[in-house]
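Data first, discussion second: the structure below is written as structure tokens.
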Amino acid sequence: MAALNGAVENGQPDRKVPPLPRPLRSLEVKYTKIFINNEWHDSTSGKKFPTYNPSTLEKICDIEEGDKPDVDNAVEAAKAAFQRGSLWRQMDALSRGRLLHKLADLLERDRVILATLETMDTGKPFLQAYFIDLEGCIKTLRYYAGWADKIQGRTIPVDENFVCFTRHEPMGVCGAITPWNFPLLMLIWKMAPALCCGNTLVIKPAEQTPLTSLYIGSLIKEVGFPPGVVNIVPGYGPTAGAAISTHHSIDKIAFTGSTKVGKLIKEAASKSNLKRVTLELGGKNPCIVCADADLDLAVECAHQGVFFNQGQCCTAASRVFVEEQIYPEFVKRSVEYAKKRLVGDPFDARTEQGPQIDQKQFDKILELIESGKKEGAKLECGGLAIEDRGLFIKPTVFSEVTDNMRIAKEEIFGPVQPIMKFKSIEEVIRRANNTEYGLTAAVFTKNLDRALTLASALQSGTVWINCYNALYAQAPFGGFKMSGNGRELGEYALAEYTEVKTVTIKLSQKSP
Amino acid sequence: MLRAAVRGARLCRGPARLSAPLSAAAASPIPAPNPRPEVACTKIFINNEWHDAVSKKTFPSVNPATGEVICQVAEGDKADVDKAVKAAKAAFQLGSPWRRMDASHRGKLLNRLADLIERDRAYLAALETLDNGKPYSVAYLVDLDMVVKCLRYFAGWSDKFHGKTIPLDGDFFCYTRHEPVGVCGQIIPWNFPLLMQAWKLGPALATGNVVVMKVAEQTPLSALYVANLVKEAGFPPGVVNIVPGYGPTAGAAISSHMEVDKVAFTGSTEVGHLIQKAAAESNLKRVTLELGGKSPNIIMSDADMDWAVEQAHFALFFNQGQCCCAGSRTYVQEDIYHEFVERSVERAKSRVVGNPFDFKTEQGPQVDEEQFKKILGYISAGKREGAKLLCGGNPAADRGYFIQPTVFGDVQDNMTIAREEIFGPVMQILKFKTIEEVIERANDSKYGLAAAVFTKDLDKANYVSQALRAGTVWINCYDVFGAQAPFGGYKASGSGRELGQYGLDAYLEVKNVTIKIPQKNS
């Protein structure tokens, strides 16, 4: 979910402002099958599943439904591509980087197509898909393209008469299971480091949003990755997803999604072949606004922090803690912001918020809103669906929220902002950390001591200070506690896709 | 006097798997060369614009294959260097477009520069051949290939040279920023003009520095054309400035300049001393040097003979012998000495010397008359001091600076040709008995740039590679260069390293930021 603040134009001095891109109104969906060995296949079972446009609730098309036999075929292809002596294993690291650069070039070329597909399938506003999701994809690919020939082992001065060195080798066949909230970006977060390290991939995109991932299959082939290096099997979690996580020939699995499913994945990994696991899971992220903060900035960031992407972010600022002196003013301004938020057709350039992804999520969000009302939080605005309009929900703000309410504890994954009050720093640290999650946290203050104290005290994988969703390919992202295992992005992600081999050679004692 | 010294300057560096690119030539056709490429860029490049020399003076650039003048080039001197430094400083001002640019965008610009060089690859290769005399096929397949790869490699580093956060004692938060050094003077040689330019621009620009570069007076043309591409790629004005000129004037002005923060030089050890001294006497600017070598190439009796003969030939004769890492002391174990010498002579006799634009040509002319005469002088010394001339020894044409591939056998360690850098197509073969003996003799040199050993024995390979005092040791190969691996010298062969992650260090200052905090937490 590339950054909100500054993600698009982060200080690049010499860039001209181009005209706004326009979505393609009648885009034909070309890729709906299973992608194995750089070819398109029907599902073994002959089954298909529909994918819907959440703005209109109309079916876009049917997709081949992958299941265990299809995953088996994909793994077979990925294993063959990873054979010792294969094209892919013999390729210079620099050439792997060139392929990733070329893939980035094609994403740039087809940026409008991909952003249009993403909006059709997820309902996110087109301009956000274009400027945030696609920007993040392209930059992430280029970033890891640069790493390909910089994954360095070490030589190590062991005791006695040995030569000792490490090789950082690819793990092998990597499974990747990606979510529906940022379908393409989450795919690239996994694909770019995996390929840069020389692995092969079997990917299952979310059943709600398979279209952009399948389009990437066509680009993989066009770029010239050898057959079998990237394989994409659309399907459902309990079938295709389970087949990947329990597979004995998959060496590693990376999953982004709910904490509940994350547990199943880790369990499947441990019951099958102890495959390596990286998990990016849920969050209930504290956003702490101190009395000395720049209030304009804090209100805007907290608003974007929770409402961005229809609230469907694992990084969502879903517990806003505000220091008591400024609490009434902060709530007032936040409500003004929420009321102004434009909800509607995601293809309209003015739209800030589209529909939720599907009926299930929609119902869950409304149910949590009801619980908030029932448990005594003060509904400041919103709180309802937009009538006769499918899956759209009004931007909702609750004040006077207390820590024991469900809306303060559970991940809502919708456009709902719970605002709490706090008195002291020690108190807010304790309350912020009092959760099973630990993905992100944010702090708004001008005070240096307070900023650094909170940065070290908060138990989360990311702390943003005076900013929100500042996600860049260069910096790692991942969770403490039940928000996940391991890290994506940055140099840290390379460790998730490499095995370290120690080679030790005995030297002869005397001159040979 | 400095001028003469700089003319002696050269530098080194060889091909990535030399034989591989050359044999690849057959497979992927090289575009036919234009032996008379039009020369478009002959002036001084400052602030993305072309300038005449303040003095209005020019100097000739000569085609070494014919001895004819190609064109006149603006002759930069102190006044021009001052202008260039001023432009570079302005581009490096706090808050300038270059200082505010995203690191990833610097990488994008470097990748774009690589794209443009790829686009103009045939033209640049022809220009390099015209000005330097190296075979066009080598310029195209080796030099240009490595230039593009080097720039792409460093493009990738631009957003990856991480600082650290450091667990300091006490209640402090401590971190490091890796900041660019500032204005970098770069003085490059004539033996690989484009490649040495890329080796210096890549790391300097990836890390956000600004550059004032002096190109060798023998071979200014290709580097000046690249200046045009720097502008086209979109680097802000003043980030790269190129001043053609002579060492004692323009070169000295850079190395003694009070506002140049760092100088990187590739060339002779003699001039390296002058540069380091000028840095010390002016503002203690940081210095990296890639200097001369007299690199031992050790052939053990268990080596693959065919491969060792070919690689030893290549190690010495590549680039007309004008490599700082040339394998110019070939030590051969006594039981295979005779066969090795015989086959090396055969191979040298078959080396095709001639018009560098001809695809069959393996060896072109030496770069200029001064080098030509110096090499012939060394050949005379070899004969006089009792080495056995086995082939060659004379000029190879009646015009231009061509020299016959020359092999000396029975060379002794104390002979001039075994101690001094010849920088020409003259091979010295020496005999040894034991591994201990050859290690001692190989290390008995003021230089320590490169070394190689040919053996099939794992223990010998490890033993020798640990014992040799050289910045690079090749085992069963020679002149293997990749942008990923560091290159540089022990002893008088230089200081610092170029290429690889190590190559970034020379272009970074480390800043430690320490902040008092109320209370620490692990």
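We label chains A, B, ... in the order they appear in the structure tokens, count residues from 1 in each chain, and number ligands from 1 in the order shown.
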(request) Fewer than 4 positions away in the same chain doesn't count, so skip those; otherwise give me all residues within 7 Å of A:Val229, counting only C-alpha atoms, as a list in words. (result) Ala78, Ala81, Thr200, Leu201 and Phe225 of chain A
Residues from the last selection, C-alpha atoms, saved as a PDB file, in the first residue's frame:
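The result, stored in out.pdb:
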```
ATOM      1  CA  ALA A  78       8.661 -24.568 -10.859  1.00  0.00           C
ATOM      2  CA  ALA A  81      12.846 -24.516 -13.810  1.00  0.00           C
ATOM      3  CA  THR A 200      10.859 -19.952  -8.713  1.00  0.00           C
ATOM      4  CA  LEU A 201       7.263 -19.181  -7.784  1.00  0.00           C
ATOM      5  CA  PHE A 225      11.565 -15.287 -17.926  1.00  0.00           C
TER       6      PHE A 225
END
```
(request) Excluding stretch 327-336 of chain B and any residue of its chain fewer than 6 positions from it, enumerate the residues within 7 Å of it, using only C-alpha atoms, and give them as an NGL selection string. (result) :B and (294-301 or 312 or 315-316 or 418 or 427-433)
(request) Find the spatial neighbours of stretch 392-407 of chain A, counting only C-alpha atoms, within a cut-off of 7 Å - ignore same-chain residues fewer than 6 positions away - and output them as a PyMOL selection string. (result) chain A and resi 331+335+338-339+354-356+368+371-372+375+377-386+415-420
(message) If we count only C-alpha atoms and set the cut-off at 7 Å, which residues sit around A:Pro50, ignoring sequence neighbours fewer than 6 positions away in its own chain? Please answer as a list in words.
(response) Lys59, Cys61, Asp62 and Ile63 of chain A
(message) What does the structure give for the distance between atom CA of B:Tyr175 and atom CA of A:Glu426, in Å to one decimal?
(response) 25.5 Å
(request) Show which residues sit within 6 Å of stretch 27-33 of chain A, as an MDAnalysis selection string. Count only C-alpha atoms, and ignore same-chain residues fewer than 3 positions away. (result) chainID A and resid 24 40:42 63:64 214:215
Write the selection just made, keeping N, CA and C atoms, as a PDB file, in the first residue's frame?
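Heads up, here's the output in selection37.pdb:
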```pdb
ATOM      1  N   LEU A  24      -9.514   3.021 -18.967  1.00  0.00           N
ATOM      2  CA  LEU A  24     -10.050   2.466 -20.218  1.00  0.00           C
ATOM      3  C   LEU A  24     -11.470   2.002 -19.936  1.00  0.00           C
ATOM      4  N   TRP A  40      -1.024 -20.934 -20.906  1.00  0.00           N
ATOM      5  CA  TRP A  40      -2.324 -20.811 -20.235  1.00  0.00           C
ATOM      6  C   TRP A  40      -3.045 -22.153 -20.264  1.00  0.00           C
ATOM      7  N   HIS A  41      -3.592 -22.540 -19.123  1.00  0.00           N
ATOM      8  CA  HIS A  41      -4.237 -23.850 -19.001  1.00  0.00           C
ATOM      9  C   HIS A  41      -5.629 -23.712 -18.400  1.00  0.00           C
ATOM     10  N   ASP A  42      -6.524 -24.626 -18.819  1.00  0.00           N
ATOM     11  CA  ASP A  42      -7.790 -24.772 -18.120  1.00  0.00           C
ATOM     12  C   ASP A  42      -7.530 -25.492 -16.802  1.00  0.00           C
ATOM     13  N   ILE A  63     -13.249 -17.330 -14.159  1.00  0.00           N
ATOM     14  CA  ILE A  63     -11.820 -17.626 -14.064  1.00  0.00           C
ATOM     15  C   ILE A  63     -11.663 -19.129 -13.842  1.00  0.00           C
ATOM     16  N   GLU A  64     -10.648 -19.708 -14.437  1.00  0.00           N
ATOM     17  CA  GLU A  64     -10.364 -21.126 -14.204  1.00  0.00           C
ATOM     18  C   GLU A  64     -10.046 -21.337 -12.723  1.00  0.00           C
ATOM     19  N   LEU A 214      -3.111 -12.246 -13.097  1.00  0.00           N
ATOM     20  CA  LEU A 214      -3.044 -13.054 -14.310  1.00  0.00           C
ATOM     21  C   LEU A 214      -2.470 -12.253 -15.470  1.00  0.00           C
ATOM     22  N   TYR A 215      -2.788 -10.969 -15.513  1.00  0.00           N
ATOM     23  CA  TYR A 215      -2.206 -10.125 -16.562  1.00  0.00           C
ATOM     24  C   TYR A 215      -0.676 -10.121 -16.440  1.00  0.00           C
TER      25      TYR A 215
END
```
(request) Pick out the chain B residues within 6 Å of chain A. Count only C-alpha atoms. Give them as a VMD selection string. (result) chain B and resid 97 101 156 460 517
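One finds atom CA of A:Ala254 at 8.1 Å from atom CA of A:Glu280.
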Residues at most 10 Å from stretch 179-190 of chain A, counting only C-alpha atoms, excluding those fewer than 5 positions away in the same chain, as a PDB file with C-alpha atoms, in the first residue's frame?
```pdb
ATOM      1  CA  MET A   1       0.000   0.000   0.000  1.00  0.00           C
ATOM      2  CA  ALA A   2       2.475   2.586  -1.057  1.00  0.00           C
ATOM      3  CA  LEU A 114      -3.447  -2.579 -15.016  1.00  0.00           C
ATOM      4  CA  ALA A 115      -4.905   0.285 -12.991  1.00  0.00           C
ATOM      5  CA  GLU A 118      -7.418  -3.291 -10.523  1.00  0.00           C
ATOM      6  CA  ASP A 121     -11.852  -5.981  -9.653  1.00  0.00           C
ATOM      7  CA  THR A 122     -11.282  -4.280  -6.260  1.00  0.00           C
ATOM      8  CA  GLY A 123     -13.377  -1.120  -6.484  1.00  0.00           C
ATOM      9  CA  LYS A 124     -10.491   1.109  -5.397  1.00  0.00           C
ATOM     10  CA  ALA A 129      -4.609   2.409  -8.315  1.00  0.00           C
ATOM     11  CA  ILE A 132      -0.156   4.524  -5.582  1.00  0.00           C
ATOM     12  CA  ASP A 133      -0.484   0.806  -6.358  1.00  0.00           C
ATOM     13  CA  LEU A 134       1.230   0.880  -9.746  1.00  0.00           C
ATOM     14  CA  GLU A 135       3.889   3.343  -8.608  1.00  0.00           C
ATOM     15  CA  GLY A 136       4.689   1.040  -5.711  1.00  0.00           C
ATOM     16  CA  CYS A 137       4.867  -1.983  -8.020  1.00  0.00           C
ATOM     17  CA  ILE A 138       7.213  -0.359 -10.502  1.00  0.00           C
ATOM     18  CA  LYS A 139       9.530   1.045  -7.861  1.00  0.00           C
ATOM     19  CA  THR A 140       9.626  -2.233  -5.950  1.00  0.00           C
ATOM     20  CA  LEU A 141      10.577  -4.145  -9.099  1.00  0.00           C
ATOM     21  CA  TYR A 144      14.985  -5.496  -6.285  1.00  0.00           C
ATOM     22  CA  CYS A 174       8.331 -20.429  -3.248  1.00  0.00           C
ATOM     23  CA  LEU A 195      13.014 -13.639  -8.372  1.00  0.00           C
ATOM     24  CA  LEU A 201       7.263 -19.181  -7.784  1.00  0.00           C
ATOM     25  CA  ILE A 203       1.351 -17.869  -6.791  1.00  0.00           C
ATOM     26  CA  LYS A 204      -2.259 -18.012  -5.702  1.00  0.00           C
ATOM     27  CA  PRO A 205      -3.967 -14.647  -6.039  1.00  0.00           C
ATOM     28  CA  ALA A 206      -7.116 -13.908  -3.996  1.00  0.00           C
ATOM     29  CA  GLU A 207     -10.300 -15.309  -5.530  1.00  0.00           C
ATOM     30  CA  GLN A 208     -11.938 -11.861  -5.274  1.00  0.00           C
ATOM     31  CA  THR A 209      -9.246 -10.155  -7.381  1.00  0.00           C
ATOM     32  CA  PRO A 210      -7.332 -12.434  -9.767  1.00  0.00           C
ATOM     33  CA  LEU A 211      -7.298 -10.207 -12.860  1.00  0.00           C
ATOM     34  CA  THR A 212      -4.156  -8.103 -12.488  1.00  0.00           C
ATOM     35  CA  SER A 213      -2.090 -11.036 -11.247  1.00  0.00           C
ATOM     36  CA  LEU A 214      -3.044 -13.054 -14.310  1.00  0.00           C
ATOM     37  CA  TYR A 215      -2.206 -10.125 -16.562  1.00  0.00           C
ATOM     38  CA  ILE A 216       1.267 -10.135 -14.975  1.00  0.00           C
ATOM     39  CA  ILE A 253       5.587 -19.871   1.603  1.00  0.00           C
ATOM     40  CA  ALA A 254       4.788 -16.189   1.881  1.00  0.00           C
ATOM     41  CA  PHE A 255       1.273 -15.187   2.845  1.00  0.00           C
ATOM     42  CA  THR A 256      -0.467 -11.863   3.281  1.00  0.00           C
ATOM     43  CA  GLY A 257      -3.939 -11.926   4.771  1.00  0.00           C
ATOM     44  CA  SER A 258      -5.790 -12.438   8.010  1.00  0.00           C
ATOM     45  CA  THR A 278       6.696 -15.426   6.015  1.00  0.00           C
ATOM     46  CA  ASN A 309      -8.373   2.047   0.425  1.00  0.00           C
ATOM     47  CA  GLN A 310     -11.888   1.943   1.900  1.00  0.00           C
ATOM     48  CA  GLY A 311     -10.287   1.155   5.253  1.00  0.00           C
ATOM     49  CA  GLN A 312      -9.057  -2.140   3.833  1.00  0.00           C
ATOM     50  CA  CYS A 313      -5.438  -1.872   4.961  1.00  0.00           C
ATOM     51  CA  CYS A 314      -3.629  -4.021   7.468  1.00  0.00           C
ATOM     52  CA  GLN A 356     -15.977  -2.556   0.039  1.00  0.00           C
ATOM     53  CA  ILE A 357     -14.649  -5.662  -1.630  1.00  0.00           C
ATOM     54  CA  PHE A 413     -11.088  -3.452   7.714  1.00  0.00           C
ATOM     55  CA  ALA A 473      10.584  -0.422  -1.264  1.00  0.00           C
ATOM     56  CA  GLU A 488       9.012  -7.812   3.368  1.00  0.00           C
ATOM     57  CA  LEU A 489      10.770  -5.041   1.441  1.00  0.00           C
ATOM     58  CA  ALA A 493      13.361  -9.307   2.640  1.00  0.00           C
ATOM     59  CA  GLU A 496      13.340 -14.490   3.516  1.00  0.00           C
ATOM     60  CA  TYR A 497      14.241 -15.798   0.075  1.00  0.00           C
TER      61      TYR A 497
END
```
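Proximity ranking of A:Ala192, A:Val233, A:Val289, A:Leu127 relative to A:Arg111 places A:Leu127 first, based on only C-alpha atoms.
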(request) From a DSSP pass on the backbone, collect the residues of stretch 194-298 of chain B flagged as alpha helix (DSSP H) and hand them back as a PyMOL selection string. (result) chain B and resi 194-206+221-233+252-255+269-281
Using only C-alpha atoms, what does the table of stretch 52-100 of chain B residues within 10 Å of stretch 220-224 of chain B look like, with each row giving the shortest atom pair and its distance in Å to one decimal, sorted by chain and ascending number, as JSON lines?
```
{"residue": "B:Ser61", "atom": "CA", "partner": "B:Pro220", "partner_atom": "CA", "distance": 7.6}
{"residue": "B:Ile70", "atom": "CA", "partner": "B:Leu221", "partner_atom": "CA", "distance": 9.7}
{"residue": "B:Cys71", "atom": "CA", "partner": "B:Leu221", "partner_atom": "CA", "distance": 9.4}
{"residue": "B:Val73", "atom": "CA", "partner": "B:Pro220", "partner_atom": "CA", "distance": 8.0}
```
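A straight line drawn from atom CA of B:Thr42 to atom CA of B:Ile375 is 29.7 Å long.
Here the DSSP assignment of strand (DSSP E), based on backbone atoms, applies within stretch 283-437 of chain A to Pro286, Cys287, Ile288, Val289, Arg319, Val320, Phe321, Val322, Glu323, Lys378, Leu379, Glu380, Cys381, Thr396, Val397, Phe398, Ser399, Val416, Gln417, Pro418, Ile419, Met420, Lys421 and Phe422 of chain A.
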(request) Can you work out which one of B:Pro237, B:Gly377, B:Gly496, B:Gly482 has the shortest atom-to-atom distance to B:Val263, counting only C-alpha atoms? (result) B:Gly496
